[in-house]
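Enquirer: One file is attached below, protein-v1.pdb, containing PDB, C-alpha atoms.
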```
ATOM      1  CA  MET A  16       0.000   0.000   0.000
ATOM      2  CA  LYS A  17       1.304   3.433  -0.969
ATOM      3  CA  PRO A  18       1.842   5.977   1.795
ATOM      4  CA  LYS A  19      -0.660   8.822   1.858
ATOM      5  CA  ARG A  20       0.334  12.012   0.048
ATOM      6  CA  ASN A  21       0.272  15.309   1.950
ATOM      7  CA  VAL A  22      -1.835  18.085   0.435
ATOM      8  CA  LEU A  23      -1.729  21.619   1.805
ATOM      9  CA  PHE A  24      -4.448  24.077   0.789
ATOM     10  CA  LEU A  25      -3.272  27.630   1.202
ATOM     11  CA  CYS A  26      -5.287  30.840   1.350
ATOM     12  CA  THR A  27      -4.875  34.264   2.855
ATOM     13  CA  HIS A  28      -6.913  33.835   6.054
ATOM     14  CA  ASN A  29      -7.673  30.084   6.230
ATOM     15  CA  SER A  30     -11.229  31.077   7.067
ATOM     16  CA  ALA A  31     -13.298  29.696   4.178
ATOM     17  CA  ARG A  32     -11.967  28.307   0.862
ATOM     18  CA  SER A  33      -8.953  26.420   2.188
ATOM     19  CA  GLN A  34     -11.010  25.008   5.076
ATOM     20  CA  MET A  35     -13.645  23.820   2.597
ATOM     21  CA  ALA A  36     -11.017  22.229   0.357
ATOM     22  CA  GLU A  37      -9.362  20.448   3.281
ATOM     23  CA  ALA A  38     -12.716  19.024   4.394
ATOM     24  CA  PHE A  39     -13.702  17.915   0.894
ATOM     25  CA  LEU A  40     -10.347  16.225   0.329
ATOM     26  CA  ARG A  41     -10.866  14.267   3.525
ATOM     27  CA  ARG A  42     -14.286  13.225   2.210
ATOM     28  CA  TYR A  43     -13.248  12.280  -1.328
ATOM     29  CA  GLY A  44      -9.590  11.365  -1.031
ATOM     30  CA  GLY A  45      -9.020  10.513   2.607
ATOM     31  CA  GLY A  46      -7.810   7.037   1.779
ATOM     32  CA  HIS A  47      -4.980   8.400  -0.347
ATOM     33  CA  PHE A  48      -4.247  11.873   1.003
ATOM     34  CA  ASN A  49      -3.603  13.689   4.265
ATOM     35  CA  ALA A  50      -5.379  17.041   4.009
ATOM     36  CA  TYR A  51      -4.122  20.235   5.630
ATOM     37  CA  SER A  52      -4.929  23.913   5.254
ATOM     38  CA  ALA A  53      -3.276  27.137   6.304
ATOM     39  CA  GLY A  54      -3.335  30.879   5.750
ATOM     40  CA  LEU A  55      -0.684  33.488   5.192
ATOM     41  CA  GLU A  56      -2.513  35.737   7.686
ATOM     42  CA  PRO A  57      -4.846  33.391   9.592
ATOM     43  CA  THR A  58      -7.910  34.769  11.307
ATOM     44  CA  GLU A  59     -10.928  32.706  12.420
ATOM     45  CA  ILE A  60     -13.076  30.306  10.426
ATOM     46  CA  ASP A  61     -16.019  32.311   9.150
ATOM     47  CA  PRO A  62     -19.272  31.162  10.803
ATOM     48  CA  MET A  63     -20.907  31.004   7.370
ATOM     49  CA  THR A  64     -18.217  28.554   6.272
ATOM     50  CA  ARG A  65     -19.186  26.271   9.128
ATOM     51  CA  GLU A  66     -22.883  26.717   8.321
ATOM     52  CA  VAL A  67     -22.676  25.880   4.606
ATOM     53  CA  MET A  68     -20.399  22.914   5.233
ATOM     54  CA  ARG A  69     -22.892  21.508   7.771
ATOM     55  CA  GLU A  70     -25.519  21.751   5.022
ATOM     56  CA  VAL A  71     -23.570  19.118   3.055
ATOM     57  CA  GLY A  72     -22.916  16.912   6.068
ATOM     58  CA  ILE A  73     -19.440  18.141   7.010
ATOM     59  CA  ASP A  74     -18.927  19.392  10.550
ATOM     60  CA  LEU A  75     -15.849  21.580  10.947
ATOM     61  CA  GLU A  76     -15.914  21.147  14.729
ATOM     62  CA  GLY A  77     -12.346  21.092  15.966
ATOM     63  CA  GLN A  78     -11.036  22.846  12.863
ATOM     64  CA  TYR A  79      -9.349  26.204  13.345
ATOM     65  CA  ALA A  80      -7.413  28.675  11.219
ATOM     66  CA  LYS A  81      -3.693  27.915  11.095
ATOM     67  CA  GLY A  82      -0.766  29.898   9.787
ATOM     68  CA  VAL A  83       1.502  28.595   7.060
ATOM     69  CA  LYS A  84       4.394  28.661   9.544
ATOM     70  CA  THR A  85       2.667  25.758  11.299
ATOM     71  CA  TYR A  86       3.854  23.586   8.397
ATOM     72  CA  LEU A  87       6.977  25.289   6.997
ATOM     73  CA  GLY A  88       9.883  22.953   7.552
ATOM     74  CA  ARG A  89       7.682  20.534   9.517
ATOM     75  CA  LEU A  90       5.519  18.861   6.886
ATOM     76  CA  MET A  91       6.573  17.085   3.705
ATOM     77  CA  VAL A  92       4.153  18.712   1.270
ATOM     78  CA  ASN A  93       3.587  16.721  -1.907
ATOM     79  CA  HIS A  94       0.861  18.950  -3.339
ATOM     80  CA  LEU A  95       0.480  22.651  -2.561
ATOM     81  CA  ILE A  96      -2.866  23.996  -3.757
ATOM     82  CA  ILE A  97      -3.385  27.735  -3.448
ATOM     83  CA  VAL A  98      -7.065  28.666  -3.454
ATOM     84  CA  CYS A  99      -6.938  32.454  -3.771
ATOM     85  CA  GLU A 100      -5.183  35.013  -5.947
ATOM     86  CA  ALA A 101      -3.668  36.978  -3.050
ATOM     87  CA  ALA A 102      -2.083  33.888  -1.529
ATOM     88  CA  GLY A 103      -0.831  32.925  -4.977
ATOM     89  CA  ARG A 104       1.012  36.242  -5.237
ATOM     90  CA  ASN A 105       2.363  36.156  -1.682
ATOM     91  CA  CYS A 106       3.045  32.460  -1.103
ATOM     92  CA  PRO A 107       6.625  31.416  -0.336
ATOM     93  CA  ARG A 108       8.289  30.040  -3.471
ATOM     94  CA  THR A 109      10.513  27.701  -1.501
ATOM     95  CA  TRP A 110       9.825  25.595   1.538
ATOM     96  CA  PRO A 111      12.781  24.882   3.843
ATOM     97  CA  GLY A 112      14.146  21.426   3.162
ATOM     98  CA  LEU A 113      11.256  20.422   0.918
ATOM     99  CA  GLU A 114      10.694  19.918  -2.769
ATOM    100  CA  ILE A 115       6.994  20.351  -3.492
ATOM    101  CA  GLU A 116       6.035  17.973  -6.289
ATOM    102  CA  GLU A 117       2.999  19.903  -7.464
ATOM    103  CA  ARG A 118       1.967  23.513  -6.978
ATOM    104  CA  LEU A 119      -1.482  24.475  -8.264
ATOM    105  CA  LEU A 120      -3.499  27.679  -8.252
ATOM    106  CA  TRP A 121      -7.270  27.377  -7.908
ATOM    107  CA  PRO A 122      -8.336  31.037  -7.576
ATOM    108  CA  PHE A 123     -11.826  30.906  -6.075
ATOM    109  CA  ASP A 124     -13.652  34.138  -5.239
ATOM    110  CA  ASP A 125     -13.527  35.101  -1.575
ATOM    111  CA  PRO A 126     -16.987  34.456  -0.100
ATOM    112  CA  ALA A 127     -16.157  36.687   2.865
ATOM    113  CA  GLU A 128     -16.285  39.653   0.481
ATOM    114  CA  ALA A 129     -19.939  38.965  -0.388
ATOM    115  CA  GLN A 130     -22.302  41.905  -0.028
ATOM    116  CA  GLY A 131     -26.002  42.019   0.669
ATOM    117  CA  SER A 132     -28.395  40.369   3.057
ATOM    118  CA  ARG A 133     -27.516  37.370   5.172
ATOM    119  CA  GLU A 134     -29.244  35.099   2.660
ATOM    120  CA  GLU A 135     -27.348  36.666  -0.270
ATOM    121  CA  LYS A 136     -24.078  36.135   1.576
ATOM    122  CA  LEU A 137     -25.012  32.526   2.313
ATOM    123  CA  GLN A 138     -25.762  32.002  -1.381
ATOM    124  CA  THR A 139     -22.252  33.217  -2.204
ATOM    125  CA  PHE A 140     -20.728  30.875   0.389
ATOM    126  CA  ARG A 141     -22.772  27.996  -1.074
ATOM    127  CA  ARG A 142     -21.669  28.820  -4.618
ATOM    128  CA  ILE A 143     -17.996  28.853  -3.604
ATOM    129  CA  ARG A 144     -18.467  25.679  -1.514
ATOM    130  CA  ASP A 145     -19.929  23.885  -4.520
ATOM    131  CA  GLN A 146     -17.107  25.099  -6.790
ATOM    132  CA  VAL A 147     -14.498  23.937  -4.288
ATOM    133  CA  GLU A 148     -16.196  20.560  -3.957
ATOM    134  CA  ARG A 149     -16.287  20.031  -7.745
ATOM    135  CA  GLN A 150     -12.631  21.046  -8.097
ATOM    136  CA  VAL A 151     -11.451  18.752  -5.291
ATOM    137  CA  LYS A 152     -13.442  15.797  -6.660
ATOM    138  CA  SER A 153     -12.102  16.395 -10.163
ATOM    139  CA  TRP A 154      -8.511  16.665  -8.915
ATOM    140  CA  VAL A 155      -8.804  13.462  -6.847
ATOM    141  CA  GLU A 156     -10.128  11.621  -9.904
ATOM    142  CA  GLU A 157      -7.339  13.018 -12.095
ATOM    143  CA  VAL A 158      -4.584  12.123  -9.652
ATOM    144  CA  SER A 159      -6.072   8.660  -9.174
ATOM    145  CA  ARG A 160      -6.060   8.058 -12.955
ATOM    146  CA  LYS A 161      -2.380   9.044 -13.055
ATOM    147  CA  GLY A 162      -1.666   6.604 -10.256
ATOM    148  CA  VAL A 163       0.051   9.207  -8.106
TER     149      VAL A 163
END
```
How does this structure look as structure tokens?

Expert:
Amino acid sequence: MKPKRNVLFLCTHNSARSQMAEAFLRRYGGGHFNAYSAGLEPTEIDPMTREVMREVGIDLEGQYAKGVKTYLGRLMVNHLIIVCEAAGRNCPRTWPGLEIEERLLWPFDDPAEAQGSREEKLQTFRRIRDQVERQVKSWVEEVSRKGV
């Protein structure tokens, strides 16, 4: 049996998109991947992130926003997936002692920037959640076909 591959989802705040991606990778690729997420400037997980993930049967209880320094030099990262433009521009290009095998940019809109009523904001969070879920599922299928 192959050892699990480590996947780190990186965002600016680790409050929404990267948390969603980490949770969906656990759901769809947990047998083959260890999922992690971090932010360049971590804050708190947005309550709407927790709410929309519960709607699809994923409880983020116990999850919290982590900084990228939590993993720098401590985690062998096989796949680095950056889920926002800002993090893509500001992400470290090198990781101490590590050679990242794959670095991807999946620039999802930031749901925390949604405007409008509570329901309109929730709709934005749901839209991004669904996009993240489709992307993670597609990537897991692609990597599985390659036999990575």

Enquirer: Determine the residue membership of the PyMOL selection byres ((chain A and resi 159-162) around 12) for the file above and supply it as a PDB file with C-alpha atoms, keeping the file's coordinate frame.

Expert:
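Done, and the output landed in expr.pdb:
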```pdb
ATOM      1  CA  LYS A  17       1.304   3.433  -0.969  1.00  0.00           C
ATOM      2  CA  ARG A  20       0.334  12.012   0.048  1.00  0.00           C
ATOM      3  CA  TYR A  43     -13.248  12.280  -1.328  1.00  0.00           C
ATOM      4  CA  GLY A  44      -9.590  11.365  -1.031  1.00  0.00           C
ATOM      5  CA  GLY A  46      -7.810   7.037   1.779  1.00  0.00           C
ATOM      6  CA  HIS A  47      -4.980   8.400  -0.347  1.00  0.00           C
ATOM      7  CA  PHE A  48      -4.247  11.873   1.003  1.00  0.00           C
ATOM      8  CA  LYS A 152     -13.442  15.797  -6.660  1.00  0.00           C
ATOM      9  CA  SER A 153     -12.102  16.395 -10.163  1.00  0.00           C
ATOM     10  CA  TRP A 154      -8.511  16.665  -8.915  1.00  0.00           C
ATOM     11  CA  VAL A 155      -8.804  13.462  -6.847  1.00  0.00           C
ATOM     12  CA  GLU A 156     -10.128  11.621  -9.904  1.00  0.00           C
ATOM     13  CA  GLU A 157      -7.339  13.018 -12.095  1.00  0.00           C
ATOM     14  CA  VAL A 158      -4.584  12.123  -9.652  1.00  0.00           C
ATOM     15  CA  VAL A 163       0.051   9.207  -8.106  1.00  0.00           C
TER      16      VAL A 163
END
```

Enquirer: Please measure the separation of atom CA of Pro62 of chain A and atom CA of Asn21 of chain A, giving the value in Å to one decimal.

Expert: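 According to the coordinates, atom CA of Pro62 of chain A and atom CA of Asn21 of chain A are separated by 26.7 Å.
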
Enquirer: A:Leu95, A:Met63, A:Val83, A:Ala50: which is nearest Thr139 of chain A, counting only C-alpha atoms?

Expert: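 Among the listed residues, A:Met63 lies closest to Thr139 of chain A.
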
Enquirer: How would you write, as a list in words, the residues chosen by the PyMOL selection byres ((chain A and resi 31) around 7) on this structure?

Expert: Asn29, Ser30, Arg32, Ser33, Gln34, Met35, Ile60, Asp61 and Thr64 of chain A

Enquirer: What separation in Å, quoted to one decimal, exists between atom CA of Gln146 of chain A and atom CA of Lys19 of chain A?

Expert: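 Computing it gives 24.7 Å between the two atoms.
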
Enquirer: Give as a PyMOL selection string every residue, naming chains and numbers as the document does, that has an atom within 9 Å of (-5.8, 29.2, 13.5), counting all atoms listed in the file.

Expert: chain A and resi 28-30+53-54+57-60+78-82

Enquirer: Could you list, as a list of chain:residue names, every residue within 8 Å of Asp125 of chain A, counting all atoms listed in the file and ignoring same-chain residues fewer than 2 positions away?

Expert: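 Within the cut-off, the hits are A:Ala31, A:Arg32, A:Cys99, A:Phe123, A:Ala127, A:Glu128, A:Ala129, A:Ile143.
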
Enquirer: Would you compute the box with edges along x, y and z of the file around segment 74-84 of chain A, including every atom the file lists for it and 4 Å extra on each side, and give its centre and edge lengths in Å to one decimal, as lines of an AutoDock Vina configuration file?

Expert:
```
center_x = -7.3
center_y = 24.6
center_z = 11.5
size_x = 31.3
size_y = 18.5
size_z = 16.9
```

Enquirer: Distance atom CA of Arg41 of chain A-atom CA of Pro122 of chain A, one decimal place?

Expert: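 Straight-line distance from atom CA of Arg41 of chain A to atom CA of Pro122 of chain A works out to 20.3 Å.
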
Enquirer: Measuring atom to atom with all atoms listed in the file, identify which of A:Glu56, A:Asp124, A:Glu116, A:Glu37 is nearest to Thr85 of chain A.

Expert: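 Using all atoms listed in the file, the shortest distance to Thr85 of chain A belongs to A:Glu56.
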
Enquirer: When you count only C-alpha atoms, which of these residues is closest to Ser52 of chain A: A:Ser132, A:Val67, A:Gly72, A:Thr27?

Expert: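 Between A:Ser132, A:Val67, A:Gly72, A:Thr27, the residue approaching Ser52 of chain A most closely is A:Thr27.
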
Enquirer: Do you know which residues are at most 10 Å from Asp145 of chain A counting all atoms listed in the file, after dropping those on the same chain fewer than 4 positions away, and could you put them as a count of residues only?

Expert: 10

Enquirer: Identify which of the residues A:Leu40, A:Glu66, A:Met91, A:Tyr51 lies closest to Glu134 of chain A, counting all atoms listed in the file when measuring atom-to-atom distances.

Expert: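 Among A:Leu40, A:Glu66, A:Met91, A:Tyr51, it is A:Glu66 that comes nearest to Glu134 of chain A.
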
Enquirer: Can you rebuild segment 48-81 of chain A with N, CA and C atoms and give it as a tab-separated table (two decimals), in the coordinates of the input?

Expert:
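Here's the written file rebuild.tsv:
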```tsv
chain	number	residue	atom	x	y	z
A	48	PHE	N	-4.87	10.58	0.71
A	48	PHE	CA	-4.25	11.87	1.00
A	48	PHE	C	-4.44	12.27	2.46
A	49	ASN	N	-3.46	12.98	3.00
A	49	ASN	CA	-3.60	13.69	4.26
A	49	ASN	C	-3.88	15.13	3.89
A	50	ALA	N	-4.97	15.69	4.37
A	50	ALA	CA	-5.38	17.04	4.01
A	50	ALA	C	-5.05	18.02	5.12
A	51	TYR	N	-4.47	19.15	4.72
A	51	TYR	CA	-4.12	20.24	5.63
A	51	TYR	C	-4.52	21.55	4.98
A	52	SER	N	-4.70	22.58	5.80
A	52	SER	CA	-4.93	23.91	5.25
A	52	SER	C	-4.25	24.93	6.16
A	53	ALA	N	-3.94	26.07	5.55
A	53	ALA	CA	-3.28	27.14	6.30
A	53	ALA	C	-3.52	28.46	5.60
A	54	GLY	N	-3.21	29.54	6.31
A	54	GLY	CA	-3.34	30.88	5.75
A	54	GLY	C	-2.05	31.66	5.94
A	55	LEU	N	-1.84	32.61	5.05
A	55	LEU	CA	-0.68	33.49	5.19
A	55	LEU	C	-0.89	34.45	6.35
A	56	GLU	N	-2.14	34.85	6.59
A	56	GLU	CA	-2.51	35.74	7.69
A	56	GLU	C	-3.78	35.16	8.34
A	57	PRO	N	-3.66	34.06	9.08
A	57	PRO	CA	-4.85	33.39	9.59
A	57	PRO	C	-5.67	34.25	10.53
A	58	THR	N	-6.98	34.06	10.42
A	58	THR	CA	-7.91	34.77	11.31
A	58	THR	C	-8.74	33.72	12.04
A	59	GLU	N	-10.02	33.70	11.85
A	59	GLU	CA	-10.93	32.71	12.42
A	59	GLU	C	-11.71	32.09	11.27
A	60	ILE	N	-12.19	30.87	11.44
A	60	ILE	CA	-13.08	30.31	10.43
A	60	ILE	C	-14.38	31.09	10.44
A	61	ASP	N	-14.79	31.53	9.27
A	61	ASP	CA	-16.02	32.31	9.15
A	61	ASP	C	-17.21	31.44	9.56
A	62	PRO	N	-18.10	31.95	10.40
A	62	PRO	CA	-19.27	31.16	10.80
A	62	PRO	C	-20.11	30.67	9.61
A	63	MET	N	-20.15	31.44	8.54
A	63	MET	CA	-20.91	31.00	7.37
A	63	MET	C	-20.23	29.82	6.68
A	64	THR	N	-18.92	29.73	6.80
A	64	THR	CA	-18.22	28.55	6.27
A	64	THR	C	-18.70	27.32	7.01
A	65	ARG	N	-18.72	27.41	8.32
A	65	ARG	CA	-19.19	26.27	9.13
A	65	ARG	C	-20.63	25.91	8.77
A	66	GLU	N	-21.46	26.94	8.61
A	66	GLU	CA	-22.88	26.72	8.32
A	66	GLU	C	-23.08	26.00	6.98
A	67	VAL	N	-22.44	26.49	5.92
A	67	VAL	CA	-22.68	25.88	4.61
A	67	VAL	C	-22.04	24.50	4.50
A	68	MET	N	-20.99	24.25	5.24
A	68	MET	CA	-20.40	22.91	5.23
A	68	MET	C	-21.30	21.93	5.98
A	69	ARG	N	-21.92	22.37	7.07
A	69	ARG	CA	-22.89	21.51	7.77
A	69	ARG	C	-24.04	21.12	6.85
A	70	GLU	N	-24.42	22.03	5.96
A	70	GLU	CA	-25.52	21.75	5.02
A	70	GLU	C	-25.22	20.55	4.12
A	71	VAL	N	-23.95	20.27	3.89
A	71	VAL	CA	-23.57	19.12	3.06
A	71	VAL	C	-23.00	17.97	3.90
A	72	GLY	N	-23.28	18.02	5.19
A	72	GLY	CA	-22.92	16.91	6.07
A	72	GLY	C	-21.48	16.91	6.56
A	73	ILE	N	-20.82	18.05	6.51
A	73	ILE	CA	-19.44	18.14	7.01
A	73	ILE	C	-19.41	19.11	8.19
A	74	ASP	N	-19.03	18.59	9.34
A	74	ASP	CA	-18.93	19.39	10.55
A	74	ASP	C	-17.47	19.80	10.72
A	75	LEU	N	-17.22	21.08	10.78
A	75	LEU	CA	-15.85	21.58	10.95
A	75	LEU	C	-15.47	21.74	12.42
A	76	GLU	N	-16.23	21.11	13.30
A	76	GLU	CA	-15.91	21.15	14.73
A	76	GLU	C	-14.47	20.68	14.94
A	77	GLY	N	-13.74	21.43	15.70
A	77	GLY	CA	-12.35	21.09	15.97
A	77	GLY	C	-11.38	21.70	14.97
A	78	GLN	N	-11.90	22.17	13.83
A	78	GLN	CA	-11.04	22.85	12.86
A	78	GLN	C	-10.81	24.28	13.32
A	79	TYR	N	-9.65	24.82	13.01
A	79	TYR	CA	-9.35	26.20	13.34
A	79	TYR	C	-8.38	26.74	12.30
A	80	ALA	N	-8.32	28.05	12.18
A	80	ALA	CA	-7.41	28.68	11.22
A	80	ALA	C	-5.97	28.53	11.71
A	81	LYS	N	-5.11	28.12	10.79
A	81	LYS	CA	-3.69	27.92	11.10
A	81	LYS	C	-2.84	28.75	10.15
```
